[in-house]
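**Q** Here's a structure for you.
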Amino acid sequence: MSESLVEWTSGDHDDGFGEVSLDDLDARMAEPPHPINWNLLSADDAEAEWIELNRWVNWLRRTYGLPASVLPPFWHRHPELVWELSALHLHWLGAYDPDQHGSAPLGWHRDFADARQRLRDWVSISGTRLERDRSTRQTAWPGEPPADTVEDVVIGDRDEDFVQFVVDDVARRREADVHLPAQFA
């Protein structure tokens with residue numbers, strides 16, 4: 001695993017984002033922010049994006065006092081929440097870019113209000129809660145086999161679960177990269 005994930009597991013991550021200034025963000029970004037297609041990320045890129053998104057989500061929930069009904073601790077286990085939060089993060093990066101127009105943050109806050117309602121909807125559909133999680137239920141369409149049974153899992157340590165999730169995702173992506181045909185590698 002990269003040094004960043006090792007550092008993240010040390011426990012110093014909790015308030016790290018709150019101490020980062022926009023100047024620090026500019027220094028860390030080698031290129032302008034761009035949309036993240038989670039389906040196409042390499043293992044290394046995915047690891048970096050997971051850590052950055054997690055840092056921002058922690059900052060977001062604390063700054064705005066978001067309850068688990070809007071932003072649950074196990075958001076990373078639900079693609080619908082990952083895509084929504086990733087888009088919101090990108091929008092925030094653009095709105096607070098030093099070269100952006102002065103009214104951009106107001107636009108972000110307007111869009112954030114809409115996003116909070118969508119997040120509530122996604123959380124309600126997914127069934128994830130403060131101390132437990134379950135996979136988002138899938139509806140089988142006619143002609144498909146019945147959907148798998150979904151059961152709640154109690155998770156005692158959110159940060160430990162996140163780190164293991166990222167480790168597993170990175171390993172899965174590395175394995176997929178190994179099995180790509182030569183013309184795609």
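Residue numbering restarts at 1 for every chain of the structure tokens, chains are lettered A, B, ... in their displayed order, and ligands are numbered from 1 as they appear.
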Skipping near chain neighbours, those fewer than 2 positions away, what residues fall within 10 Å of stretch 37-39 of chain A using only C-alpha atoms, listed as a JSON list (two decimals) with N, CA and C atoms, in the first residue's frame?

**A**
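Output below, filename around_5.json:
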```
[["chain", "number", "residue", "atom", "x", "y", "z"],
["A", 34, "HIS", "N", -10.83, 17.26, -11.97],
["A", 34, "HIS", "CA", -11.57, 16.69, -13.10],
["A", 34, "HIS", "C", -12.51, 15.60, -12.58],
["A", 35, "PRO", "N", -13.56, 15.31, -13.31],
["A", 35, "PRO", "CA", -14.48, 14.25, -12.86],
["A", 35, "PRO", "C", -13.74, 12.92, -12.71],
["A", 41, "LEU", "N", -10.56, 3.81, -12.87],
["A", 41, "LEU", "CA", -9.34, 4.16, -12.15],
["A", 41, "LEU", "C", -8.38, 2.98, -12.03],
["A", 42, "SER", "N", -7.10, 3.27, -12.17],
["A", 42, "SER", "CA", -6.08, 2.26, -11.88],
["A", 42, "SER", "C", -6.05, 2.03, -10.37],
["A", 45, "ASP", "N", -4.39, 5.09, -8.66],
["A", 45, "ASP", "CA", -5.25, 6.26, -8.72],
["A", 45, "ASP", "C", -6.46, 6.09, -7.80],
["A", 46, "ALA", "N", -7.02, 4.90, -7.76],
["A", 46, "ALA", "CA", -8.18, 4.64, -6.90],
["A", 46, "ALA", "C", -7.80, 4.85, -5.44],
["A", 49, "GLU", "N", -7.59, 8.54, -4.77],
["A", 49, "GLU", "CA", -8.91, 9.17, -4.81],
["A", 49, "GLU", "C", -9.76, 8.80, -3.60],
["A", 50, "TRP", "N", -9.69, 7.53, -3.17],
["A", 50, "TRP", "CA", -10.44, 7.12, -1.97],
["A", 50, "TRP", "C", -10.00, 7.93, -0.76],
["A", 79, "PRO", "N", -22.02, 2.46, -4.00],
["A", 79, "PRO", "CA", -21.65, 3.23, -5.20],
["A", 79, "PRO", "C", -22.52, 4.46, -5.42],
["A", 82, "VAL", "N", -21.03, 7.05, -3.28],
["A", 82, "VAL", "CA", -19.69, 7.41, -3.75],
["A", 82, "VAL", "C", -19.79, 8.36, -4.94],
["A", 83, "TRP", "N", -20.62, 8.02, -5.92],
["A", 83, "TRP", "CA", -20.75, 8.86, -7.11],
["A", 83, "TRP", "C", -21.29, 10.25, -6.75],
["A", 86, "SER", "N", -18.57, 12.14, -4.75],
["A", 86, "SER", "CA", -17.45, 12.46, -5.63],
["A", 86, "SER", "C", -17.79, 13.68, -6.50],
["A", 173, "ARG", "N", -8.48, -4.18, -8.25],
["A", 173, "ARG", "CA", -8.08, -3.43, -9.44],
["A", 173, "ARG", "C", -6.72, -3.92, -9.97]]
```

**Q** Within 12 Å of stretch 123-127 of chain A, counting only C-alpha atoms, which residues qualify if same-chain residues fewer than 4 places away don't, as number ranges by chain?

**A** A: 67-82, 84, 116-119, 131-139, 150-153

**Q** Would you output that residue set with N, CA, C and O atoms, as a compact mmCIF listing (two decimals), in the first residue's frame?

**A**
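Below you can see result.txt, which holds the result:
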```txt
# COMPACT_ATOMS: atom_id res chain seq x y z
N PRO A 67 -26.05 14.56 9.76
CA PRO A 67 -26.40 13.31 10.46
C PRO A 67 -26.20 12.10 9.54
O PRO A 67 -26.08 12.23 8.32
N ALA A 68 -26.20 10.93 10.15
CA ALA A 68 -26.02 9.68 9.39
C ALA A 68 -27.14 9.46 8.38
O ALA A 68 -26.96 8.72 7.42
N SER A 69 -28.28 10.10 8.56
CA SER A 69 -29.37 9.96 7.59
C SER A 69 -29.07 10.69 6.29
O SER A 69 -29.71 10.45 5.26
N VAL A 70 -28.08 11.59 6.31
CA VAL A 70 -27.64 12.30 5.11
C VAL A 70 -26.30 11.76 4.65
O VAL A 70 -26.07 11.54 3.47
N LEU A 71 -25.40 11.54 5.60
CA LEU A 71 -24.05 11.08 5.28
C LEU A 71 -23.63 10.00 6.28
O LEU A 71 -23.08 10.28 7.34
N PRO A 72 -23.92 8.74 5.95
CA PRO A 72 -23.63 7.65 6.88
C PRO A 72 -22.14 7.29 6.87
O PRO A 72 -21.43 7.55 5.90
N PRO A 73 -21.66 6.69 7.96
CA PRO A 73 -20.24 6.36 8.05
C PRO A 73 -19.77 5.35 7.00
O PRO A 73 -18.61 5.35 6.63
N PHE A 74 -20.66 4.54 6.50
CA PHE A 74 -20.26 3.50 5.56
C PHE A 74 -20.62 3.86 4.12
O PHE A 74 -20.87 2.99 3.28
N TRP A 75 -20.60 5.14 3.82
CA TRP A 75 -20.90 5.64 2.47
C TRP A 75 -20.03 4.97 1.42
O TRP A 75 -20.48 4.74 0.30
N HIS A 76 -18.80 4.64 1.78
CA HIS A 76 -17.85 4.07 0.82
C HIS A 76 -18.29 2.70 0.30
O HIS A 76 -17.83 2.28 -0.75
N ARG A 77 -19.20 2.03 0.97
CA ARG A 77 -19.68 0.72 0.56
C ARG A 77 -20.83 0.79 -0.44
O ARG A 77 -21.33 -0.23 -0.88
N HIS A 78 -21.26 2.01 -0.77
CA HIS A 78 -22.44 2.19 -1.62
C HIS A 78 -22.11 3.06 -2.82
O HIS A 78 -21.94 4.27 -2.68
N PRO A 79 -22.02 2.46 -4.00
CA PRO A 79 -21.65 3.23 -5.20
C PRO A 79 -22.52 4.46 -5.42
O PRO A 79 -22.03 5.50 -5.85
N GLU A 80 -23.80 4.37 -5.13
CA GLU A 80 -24.67 5.52 -5.34
C GLU A 80 -24.24 6.71 -4.48
O GLU A 80 -24.33 7.86 -4.90
N LEU A 81 -23.75 6.45 -3.27
CA LEU A 81 -23.25 7.51 -2.41
C LEU A 81 -21.87 7.98 -2.85
O LEU A 81 -21.57 9.18 -2.81
N VAL A 82 -21.03 7.05 -3.28
CA VAL A 82 -19.69 7.41 -3.75
C VAL A 82 -19.79 8.36 -4.94
O VAL A 82 -19.11 9.39 -4.99
N GLU A 84 -22.29 10.30 -5.89
CA GLU A 84 -22.86 11.59 -5.48
C GLU A 84 -21.84 12.43 -4.73
O GLU A 84 -21.65 13.62 -5.02
N ARG A 116 -28.05 17.25 -0.65
CA ARG A 116 -28.41 16.68 0.67
C ARG A 116 -29.72 15.89 0.57
O ARG A 116 -29.85 14.82 1.17
N GLN A 117 -30.67 16.39 -0.20
CA GLN A 117 -31.92 15.65 -0.36
C GLN A 117 -31.68 14.35 -1.12
O GLN A 117 -32.20 13.31 -0.77
N ARG A 118 -30.85 14.40 -2.16
CA ARG A 118 -30.54 13.17 -2.89
C ARG A 118 -29.80 12.19 -1.98
O ARG A 118 -30.06 10.98 -2.02
N LEU A 119 -28.88 12.70 -1.17
CA LEU A 119 -28.16 11.82 -0.24
C LEU A 119 -29.14 11.15 0.73
O LEU A 119 -29.02 9.94 0.99
N GLU A 131 -24.38 2.46 12.78
CA GLU A 131 -23.51 1.40 13.30
C GLU A 131 -23.59 0.09 12.53
O GLU A 131 -22.95 -0.88 12.88
N ARG A 132 -24.39 0.08 11.47
CA ARG A 132 -24.52 -1.15 10.69
C ARG A 132 -24.70 -0.81 9.22
O ARG A 132 -25.00 0.32 8.88
N ASP A 133 -24.48 -1.83 8.41
CA ASP A 133 -24.57 -1.60 6.98
C ASP A 133 -25.15 -2.84 6.32
O ASP A 133 -25.11 -3.94 6.89
N ARG A 134 -25.66 -2.64 5.15
CA ARG A 134 -26.10 -3.76 4.31
C ARG A 134 -25.95 -3.30 2.86
O ARG A 134 -25.99 -2.10 2.56
N SER A 135 -25.77 -4.23 1.99
CA SER A 135 -25.70 -3.91 0.56
C SER A 135 -27.03 -3.33 0.12
O SER A 135 -28.09 -3.71 0.63
N THR A 136 -26.97 -2.42 -0.83
CA THR A 136 -28.19 -1.85 -1.38
C THR A 136 -28.99 -2.97 -2.04
O THR A 136 -28.46 -3.75 -2.83
N ARG A 137 -30.26 -3.04 -1.69
CA ARG A 137 -31.12 -4.09 -2.26
C ARG A 137 -31.27 -3.87 -3.76
O ARG A 137 -31.40 -2.75 -4.23
N GLN A 138 -31.27 -4.96 -4.48
CA GLN A 138 -31.45 -4.94 -5.92
C GLN A 138 -32.79 -5.58 -6.26
O GLN A 138 -33.18 -6.57 -5.65
N THR A 139 -33.47 -5.04 -7.23
CA THR A 139 -34.72 -5.59 -7.69
C THR A 139 -34.45 -6.41 -8.94
O THR A 139 -33.87 -5.91 -9.90
N VAL A 150 -30.34 -9.81 1.48
CA VAL A 150 -29.49 -8.77 2.04
C VAL A 150 -29.66 -8.76 3.55
O VAL A 150 -30.77 -8.73 4.06
N GLU A 151 -28.53 -8.83 4.26
CA GLU A 151 -28.57 -8.83 5.72
C GLU A 151 -27.71 -7.70 6.26
O GLU A 151 -26.68 -7.34 5.68
N ASP A 152 -28.14 -7.16 7.40
CA ASP A 152 -27.37 -6.12 8.07
C ASP A 152 -26.12 -6.71 8.69
O ASP A 152 -26.12 -7.84 9.19
N VAL A 153 -25.04 -5.93 8.65
CA VAL A 153 -23.77 -6.29 9.28
C VAL A 153 -23.41 -5.18 10.25
O VAL A 153 -23.40 -4.00 9.87
```

**Q** Enumerate as an MDAnalysis selection string all residues of stretch 4-183 of chain A assigned to strand (DSSP E) by DSSP on the backbone, naming them with the chain letters and numbers the document uses.

**A** chainID A and resid 132:133 153:154

**Q** Check the DSSP output for the backbone and give back, as a compact mmCIF listing (two decimals) with all heavy atoms, in the first residue's frame, the residues of stretch 49-109 of chain A in alpha helix (DSSP H).

**A**
```txt
# COMPACT_ATOMS: atom_id res chain seq x y z
N GLU A 49 -7.59 8.54 -4.77
CA GLU A 49 -8.91 9.17 -4.81
C GLU A 49 -9.76 8.80 -3.60
O GLU A 49 -10.47 9.64 -3.05
CB GLU A 49 -9.64 8.82 -6.11
CG GLU A 49 -9.00 9.37 -7.36
CD GLU A 49 -8.96 10.89 -7.43
OE1 GLU A 49 -9.71 11.57 -6.69
OE2 GLU A 49 -8.17 11.40 -8.24
N TRP A 50 -9.69 7.53 -3.17
CA TRP A 50 -10.44 7.12 -1.97
C TRP A 50 -10.00 7.93 -0.76
O TRP A 50 -10.83 8.40 0.02
CB TRP A 50 -10.23 5.63 -1.68
CG TRP A 50 -11.07 4.69 -2.47
CD1 TRP A 50 -10.63 3.70 -3.30
CD2 TRP A 50 -12.50 4.61 -2.49
NE1 TRP A 50 -11.71 3.03 -3.85
CE2 TRP A 50 -12.86 3.57 -3.36
CE3 TRP A 50 -13.51 5.32 -1.86
CZ2 TRP A 50 -14.17 3.21 -3.61
CZ3 TRP A 50 -14.84 4.98 -2.11
CH2 TRP A 50 -15.16 3.93 -2.97
N ILE A 51 -8.70 8.05 -0.59
CA ILE A 51 -8.19 8.76 0.58
C ILE A 51 -8.59 10.23 0.53
O ILE A 51 -9.04 10.80 1.53
CB ILE A 51 -6.66 8.58 0.70
CG1 ILE A 51 -6.37 7.12 1.04
CG2 ILE A 51 -6.08 9.51 1.76
CD1 ILE A 51 -4.91 6.74 0.89
N GLU A 52 -8.45 10.84 -0.63
CA GLU A 52 -8.80 12.26 -0.75
C GLU A 52 -10.30 12.48 -0.54
O GLU A 52 -10.71 13.41 0.17
CB GLU A 52 -8.37 12.81 -2.12
CG GLU A 52 -8.50 14.29 -2.23
CD GLU A 52 -7.67 15.08 -1.22
OE1 GLU A 52 -6.61 14.59 -0.79
OE2 GLU A 52 -8.10 16.19 -0.85
N LEU A 53 -11.12 11.62 -1.14
CA LEU A 53 -12.56 11.77 -0.96
C LEU A 53 -12.94 11.54 0.49
O LEU A 53 -13.76 12.27 1.05
CB LEU A 53 -13.33 10.82 -1.88
CG LEU A 53 -14.86 10.93 -1.84
CD1 LEU A 53 -15.33 12.35 -2.19
CD2 LEU A 53 -15.49 9.90 -2.77
N ASN A 54 -12.35 10.57 1.13
CA ASN A 54 -12.65 10.30 2.54
C ASN A 54 -12.27 11.48 3.43
O ASN A 54 -13.03 11.85 4.33
CB ASN A 54 -11.92 9.03 3.00
CG ASN A 54 -12.39 8.60 4.36
OD1 ASN A 54 -13.54 8.23 4.56
ND2 ASN A 54 -11.49 8.67 5.33
N ARG A 55 -11.13 12.08 3.17
CA ARG A 55 -10.72 13.26 3.94
C ARG A 55 -11.73 14.38 3.77
O ARG A 55 -12.14 15.03 4.74
CB ARG A 55 -9.34 13.75 3.49
CG ARG A 55 -8.22 12.80 3.89
CD ARG A 55 -6.86 13.28 3.42
NE ARG A 55 -6.49 14.44 4.21
CZ ARG A 55 -6.03 15.59 3.69
NH1 ARG A 55 -5.89 15.72 2.40
NH2 ARG A 55 -5.72 16.58 4.47
N TRP A 56 -12.17 14.60 2.55
CA TRP A 56 -13.12 15.67 2.29
C TRP A 56 -14.48 15.36 2.91
O TRP A 56 -15.12 16.25 3.49
CB TRP A 56 -13.25 15.90 0.78
CG TRP A 56 -14.15 17.05 0.47
CD1 TRP A 56 -13.85 18.38 0.53
CD2 TRP A 56 -15.52 16.97 0.08
NE1 TRP A 56 -14.95 19.14 0.19
CE2 TRP A 56 -15.99 18.28 -0.10
CE3 TRP A 56 -16.40 15.92 -0.16
CZ2 TRP A 56 -17.29 18.58 -0.49
CZ3 TRP A 56 -17.69 16.21 -0.56
CH2 TRP A 56 -18.12 17.52 -0.71
N VAL A 57 -14.94 14.12 2.81
CA VAL A 57 -16.23 13.74 3.40
C VAL A 57 -16.20 13.93 4.91
O VAL A 57 -17.17 14.42 5.50
CB VAL A 57 -16.62 12.29 3.00
CG1 VAL A 57 -17.77 11.77 3.84
CG2 VAL A 57 -16.96 12.22 1.52
N ASN A 58 -15.08 13.57 5.55
CA ASN A 58 -14.96 13.80 7.00
C ASN A 58 -15.05 15.29 7.31
O ASN A 58 -15.71 15.69 8.27
CB ASN A 58 -13.65 13.22 7.55
CG ASN A 58 -13.76 11.76 7.84
OD1 ASN A 58 -14.83 11.24 8.13
ND2 ASN A 58 -12.64 11.06 7.75
N TRP A 59 -14.38 16.10 6.51
CA TRP A 59 -14.45 17.55 6.70
C TRP A 59 -15.89 18.04 6.50
O TRP A 59 -16.41 18.82 7.30
CB TRP A 59 -13.51 18.26 5.72
CG TRP A 59 -13.71 19.73 5.69
CD1 TRP A 59 -13.17 20.66 6.54
CD2 TRP A 59 -14.55 20.45 4.78
NE1 TRP A 59 -13.62 21.91 6.20
CE2 TRP A 59 -14.47 21.82 5.13
CE3 TRP A 59 -15.35 20.09 3.71
CZ2 TRP A 59 -15.17 22.81 4.45
CZ3 TRP A 59 -16.05 21.07 3.03
CH2 TRP A 59 -15.95 22.42 3.40
N LEU A 60 -16.54 17.56 5.45
CA LEU A 60 -17.90 17.98 5.12
C LEU A 60 -18.87 17.66 6.26
O LEU A 60 -19.65 18.52 6.68
CB LEU A 60 -18.36 17.30 3.83
CG LEU A 60 -19.73 17.69 3.31
CD1 LEU A 60 -19.71 19.10 2.74
CD2 LEU A 60 -20.17 16.68 2.23
N ARG A 61 -18.83 16.45 6.76
CA ARG A 61 -19.79 16.04 7.80
C ARG A 61 -19.59 16.82 9.08
O ARG A 61 -20.55 17.16 9.76
CB ARG A 61 -19.73 14.54 8.05
CG ARG A 61 -18.54 14.07 8.84
CD ARG A 61 -18.57 12.56 9.09
NE ARG A 61 -17.37 12.14 9.76
CZ ARG A 61 -17.25 12.06 11.08
NH1 ARG A 61 -18.25 12.38 11.87
NH2 ARG A 61 -16.11 11.65 11.62
N ARG A 62 -18.33 17.13 9.41
CA ARG A 62 -18.07 17.90 10.63
C ARG A 62 -18.41 19.37 10.44
O ARG A 62 -18.99 19.99 11.33
CB ARG A 62 -16.61 17.74 11.02
CG ARG A 62 -16.32 16.37 11.56
CD ARG A 62 -14.95 16.32 12.16
NE ARG A 62 -14.75 15.02 12.78
CZ ARG A 62 -13.78 14.20 12.46
NH1 ARG A 62 -12.89 14.55 11.56
NH2 ARG A 62 -13.68 13.04 13.06
N THR A 63 -18.04 19.93 9.32
CA THR A 63 -18.28 21.35 9.07
C THR A 63 -19.77 21.66 9.06
O THR A 63 -20.20 22.69 9.60
CB THR A 63 -17.64 21.77 7.74
OG1 THR A 63 -16.24 21.54 7.83
CG2 THR A 63 -17.90 23.23 7.43
N TYR A 64 -20.57 20.78 8.46
CA TYR A 64 -21.99 21.04 8.31
C TYR A 64 -22.85 20.23 9.28
O TYR A 64 -24.08 20.29 9.21
CB TYR A 64 -22.43 20.78 6.86
CG TYR A 64 -21.84 21.80 5.92
CD1 TYR A 64 -20.64 21.57 5.28
CD2 TYR A 64 -22.47 23.03 5.71
CE1 TYR A 64 -20.08 22.52 4.43
CE2 TYR A 64 -21.91 23.98 4.87
CZ TYR A 64 -20.72 23.72 4.24
OH TYR A 64 -20.17 24.67 3.41
N PRO A 79 -22.02 2.46 -4.00
CA PRO A 79 -21.65 3.23 -5.20
C PRO A 79 -22.52 4.46 -5.42
O PRO A 79 -22.03 5.50 -5.85
CB PRO A 79 -21.81 2.22 -6.34
CG PRO A 79 -21.70 0.88 -5.70
CD PRO A 79 -22.23 1.04 -4.30
N GLU A 80 -23.80 4.37 -5.13
CA GLU A 80 -24.67 5.52 -5.34
C GLU A 80 -24.24 6.71 -4.48
O GLU A 80 -24.33 7.86 -4.90
CB GLU A 80 -26.14 5.15 -5.09
CG GLU A 80 -26.49 4.73 -3.66
CD GLU A 80 -26.27 3.25 -3.33
OE1 GLU A 80 -25.40 2.61 -3.95
OE2 GLU A 80 -26.97 2.75 -2.44
N LEU A 81 -23.75 6.45 -3.27
CA LEU A 81 -23.25 7.51 -2.41
C LEU A 81 -21.87 7.98 -2.85
O LEU A 81 -21.57 9.18 -2.81
CB LEU A 81 -23.22 7.04 -0.95
CG LEU A 81 -24.60 6.75 -0.33
CD1 LEU A 81 -24.44 6.09 1.04
CD2 LEU A 81 -25.42 8.00 -0.24
N VAL A 82 -21.03 7.05 -3.28
CA VAL A 82 -19.69 7.41 -3.75
C VAL A 82 -19.79 8.36 -4.94
O VAL A 82 -19.11 9.39 -4.99
CB VAL A 82 -18.86 6.16 -4.11
CG1 VAL A 82 -17.56 6.54 -4.80
CG2 VAL A 82 -18.60 5.32 -2.87
N TRP A 83 -20.62 8.02 -5.92
CA TRP A 83 -20.75 8.86 -7.11
C TRP A 83 -21.29 10.25 -6.75
O TRP A 83 -20.81 11.27 -7.26
CB TRP A 83 -21.65 8.19 -8.15
CG TRP A 83 -21.01 7.01 -8.81
CD1 TRP A 83 -21.18 5.69 -8.49
CD2 TRP A 83 -20.09 7.02 -9.91
NE1 TRP A 83 -20.43 4.90 -9.32
CE2 TRP A 83 -19.75 5.69 -10.20
CE3 TRP A 83 -19.53 8.03 -10.68
CZ2 TRP A 83 -18.87 5.33 -11.22
CZ3 TRP A 83 -18.66 7.68 -11.70
CH2 TRP A 83 -18.33 6.35 -11.96
N GLU A 84 -22.29 10.30 -5.89
CA GLU A 84 -22.86 11.59 -5.48
C GLU A 84 -21.84 12.43 -4.73
O GLU A 84 -21.65 13.62 -5.02
CB GLU A 84 -24.10 11.36 -4.59
CG GLU A 84 -24.82 12.62 -4.18
CD GLU A 84 -25.73 13.17 -5.26
OE1 GLU A 84 -26.32 12.39 -6.02
OE2 GLU A 84 -25.88 14.42 -5.32
N LEU A 85 -21.15 11.83 -3.77
CA LEU A 85 -20.17 12.58 -2.99
C LEU A 85 -18.96 12.98 -3.83
O LEU A 85 -18.40 14.07 -3.65
CB LEU A 85 -19.72 11.75 -1.77
CG LEU A 85 -20.81 11.59 -0.71
CD1 LEU A 85 -20.42 10.49 0.28
CD2 LEU A 85 -21.08 12.91 0.00
N SER A 86 -18.57 12.14 -4.75
CA SER A 86 -17.45 12.46 -5.63
C SER A 86 -17.79 13.68 -6.50
O SER A 86 -16.97 14.59 -6.67
CB SER A 86 -17.13 11.25 -6.51
OG SER A 86 -16.01 11.49 -7.31
N ALA A 87 -19.01 13.71 -7.02
CA ALA A 87 -19.45 14.86 -7.83
C ALA A 87 -19.53 16.12 -6.98
O ALA A 87 -19.12 17.21 -7.41
CB ALA A 87 -20.80 14.56 -8.47
N LEU A 88 -20.02 15.99 -5.76
CA LEU A 88 -20.12 17.14 -4.86
C LEU A 88 -18.73 17.66 -4.49
O LEU A 88 -18.51 18.88 -4.43
CB LEU A 88 -20.90 16.73 -3.61
CG LEU A 88 -21.40 17.81 -2.69
CD1 LEU A 88 -22.31 18.79 -3.42
CD2 LEU A 88 -22.12 17.18 -1.50
N HIS A 89 -17.79 16.76 -4.29
CA HIS A 89 -16.41 17.14 -4.00
C HIS A 89 -15.80 17.91 -5.16
O HIS A 89 -15.17 18.96 -4.98
CB HIS A 89 -15.59 15.88 -3.67
CG HIS A 89 -14.16 16.15 -3.37
ND1 HIS A 89 -13.16 15.33 -3.82
CD2 HIS A 89 -13.55 17.13 -2.66
CE1 HIS A 89 -12.00 15.80 -3.40
NE2 HIS A 89 -12.20 16.89 -2.70
N LEU A 90 -15.99 17.41 -6.36
CA LEU A 90 -15.47 18.08 -7.55
C LEU A 90 -16.07 19.48 -7.67
O LEU A 90 -15.37 20.46 -7.95
CB LEU A 90 -15.78 17.26 -8.80
CG LEU A 90 -15.38 17.90 -10.13
CD1 LEU A 90 -13.87 18.07 -10.22
CD2 LEU A 90 -15.92 17.08 -11.28
N HIS A 91 -17.35 19.58 -7.44
CA HIS A 91 -18.04 20.88 -7.50
C HIS A 91 -17.45 21.83 -6.45
O HIS A 91 -17.21 23.00 -6.72
CB HIS A 91 -19.53 20.65 -7.29
CG HIS A 91 -20.40 21.83 -7.53
ND1 HIS A 91 -19.98 23.02 -8.11
CD2 HIS A 91 -21.72 22.00 -7.27
CE1 HIS A 91 -21.00 23.86 -8.18
NE2 HIS A 91 -22.06 23.27 -7.67
N TRP A 92 -17.20 21.32 -5.26
CA TRP A 92 -16.61 22.13 -4.19
C TRP A 92 -15.21 22.61 -4.59
O TRP A 92 -14.88 23.79 -4.40
CB TRP A 92 -16.57 21.33 -2.89
CG TRP A 92 -16.03 22.10 -1.73
CD1 TRP A 92 -16.74 22.90 -0.89
CD2 TRP A 92 -14.68 22.13 -1.28
NE1 TRP A 92 -15.89 23.44 0.06
CE2 TRP A 92 -14.63 22.99 -0.16
CE3 TRP A 92 -13.50 21.53 -1.71
CZ2 TRP A 92 -13.45 23.25 0.53
CZ3 TRP A 92 -12.32 21.79 -1.03
CH2 TRP A 92 -12.31 22.65 0.07
N LEU A 93 -14.40 21.70 -5.13
CA LEU A 93 -13.05 22.09 -5.56
C LEU A 93 -13.11 23.22 -6.58
O LEU A 93 -12.33 24.18 -6.51
CB LEU A 93 -12.31 20.89 -6.16
CG LEU A 93 -11.84 19.83 -5.17
CD1 LEU A 93 -11.36 18.59 -5.93
CD2 LEU A 93 -10.78 20.36 -4.25
N GLY A 94 -14.03 23.12 -7.52
CA GLY A 94 -14.16 24.16 -8.53
C GLY A 94 -14.67 25.47 -7.95
O GLY A 94 -14.18 26.55 -8.27
N ALA A 95 -15.65 25.38 -7.06
CA ALA A 95 -16.25 26.58 -6.48
C ALA A 95 -15.28 27.35 -5.60
O ALA A 95 -15.34 28.58 -5.53
CB ALA A 95 -17.50 26.21 -5.67
N ALA A 104 -19.19 31.77 -6.92
CA ALA A 104 -19.19 30.31 -7.09
C ALA A 104 -19.51 29.56 -5.80
O ALA A 104 -20.27 28.57 -5.84
CB ALA A 104 -17.86 29.84 -7.67
N PRO A 105 -19.00 29.97 -4.64
CA PRO A 105 -19.37 29.25 -3.42
C PRO A 105 -20.87 29.28 -3.12
O PRO A 105 -21.42 28.32 -2.61
CB PRO A 105 -18.57 29.97 -2.32
CG PRO A 105 -17.36 30.49 -3.05
CD PRO A 105 -17.90 30.93 -4.38
N LEU A 106 -21.52 30.38 -3.47
CA LEU A 106 -22.97 30.45 -3.26
C LEU A 106 -23.67 29.41 -4.15
O LEU A 106 -24.62 28.74 -3.71
CB LEU A 106 -23.48 31.85 -3.57
CG LEU A 106 -24.94 32.11 -3.24
CD1 LEU A 106 -25.22 31.86 -1.77
CD2 LEU A 106 -25.30 33.54 -3.61
N GLY A 107 -23.21 29.26 -5.38
CA GLY A 107 -23.76 28.24 -6.27
C GLY A 107 -23.53 26.85 -5.71
O GLY A 107 -24.41 25.98 -5.79
N TRP A 108 -22.34 26.64 -5.13
CA TRP A 108 -22.06 25.32 -4.53
C TRP A 108 -23.04 25.05 -3.39
O TRP A 108 -23.60 23.97 -3.28
CB TRP A 108 -20.62 25.23 -4.02
CG TRP A 108 -20.34 23.88 -3.46
CD1 TRP A 108 -19.96 22.77 -4.15
CD2 TRP A 108 -20.49 23.45 -2.09
NE1 TRP A 108 -19.84 21.68 -3.31
CE2 TRP A 108 -20.17 22.09 -2.04
CE3 TRP A 108 -20.86 24.10 -0.92
CZ2 TRP A 108 -20.21 21.35 -0.86
CZ3 TRP A 108 -20.90 23.35 0.27
CH2 TRP A 108 -20.58 22.00 0.29
N HIS A 109 -23.28 26.04 -2.54
CA HIS A 109 -24.19 25.83 -1.42
C HIS A 109 -25.63 25.57 -1.89
O HIS A 109 -26.34 24.76 -1.29
CB HIS A 109 -24.14 27.02 -0.44
CG HIS A 109 -22.99 26.92 0.49
ND1 HIS A 109 -21.77 27.48 0.22
CD2 HIS A 109 -22.86 26.28 1.67
CE1 HIS A 109 -20.94 27.20 1.20
NE2 HIS A 109 -21.56 26.47 2.09
```

**Q** In Å, with one decimal, what is the gap from atom CA of A:Asp114 to atom CA of A:Leu66?

**A** 14.0 Å

**Q** Using only C-alpha atoms, can you tell me which of A:Asp44, A:Pro32, A:Ala176, A:Arg110 comes closest to A:Pro98?

**A** A:Pro32
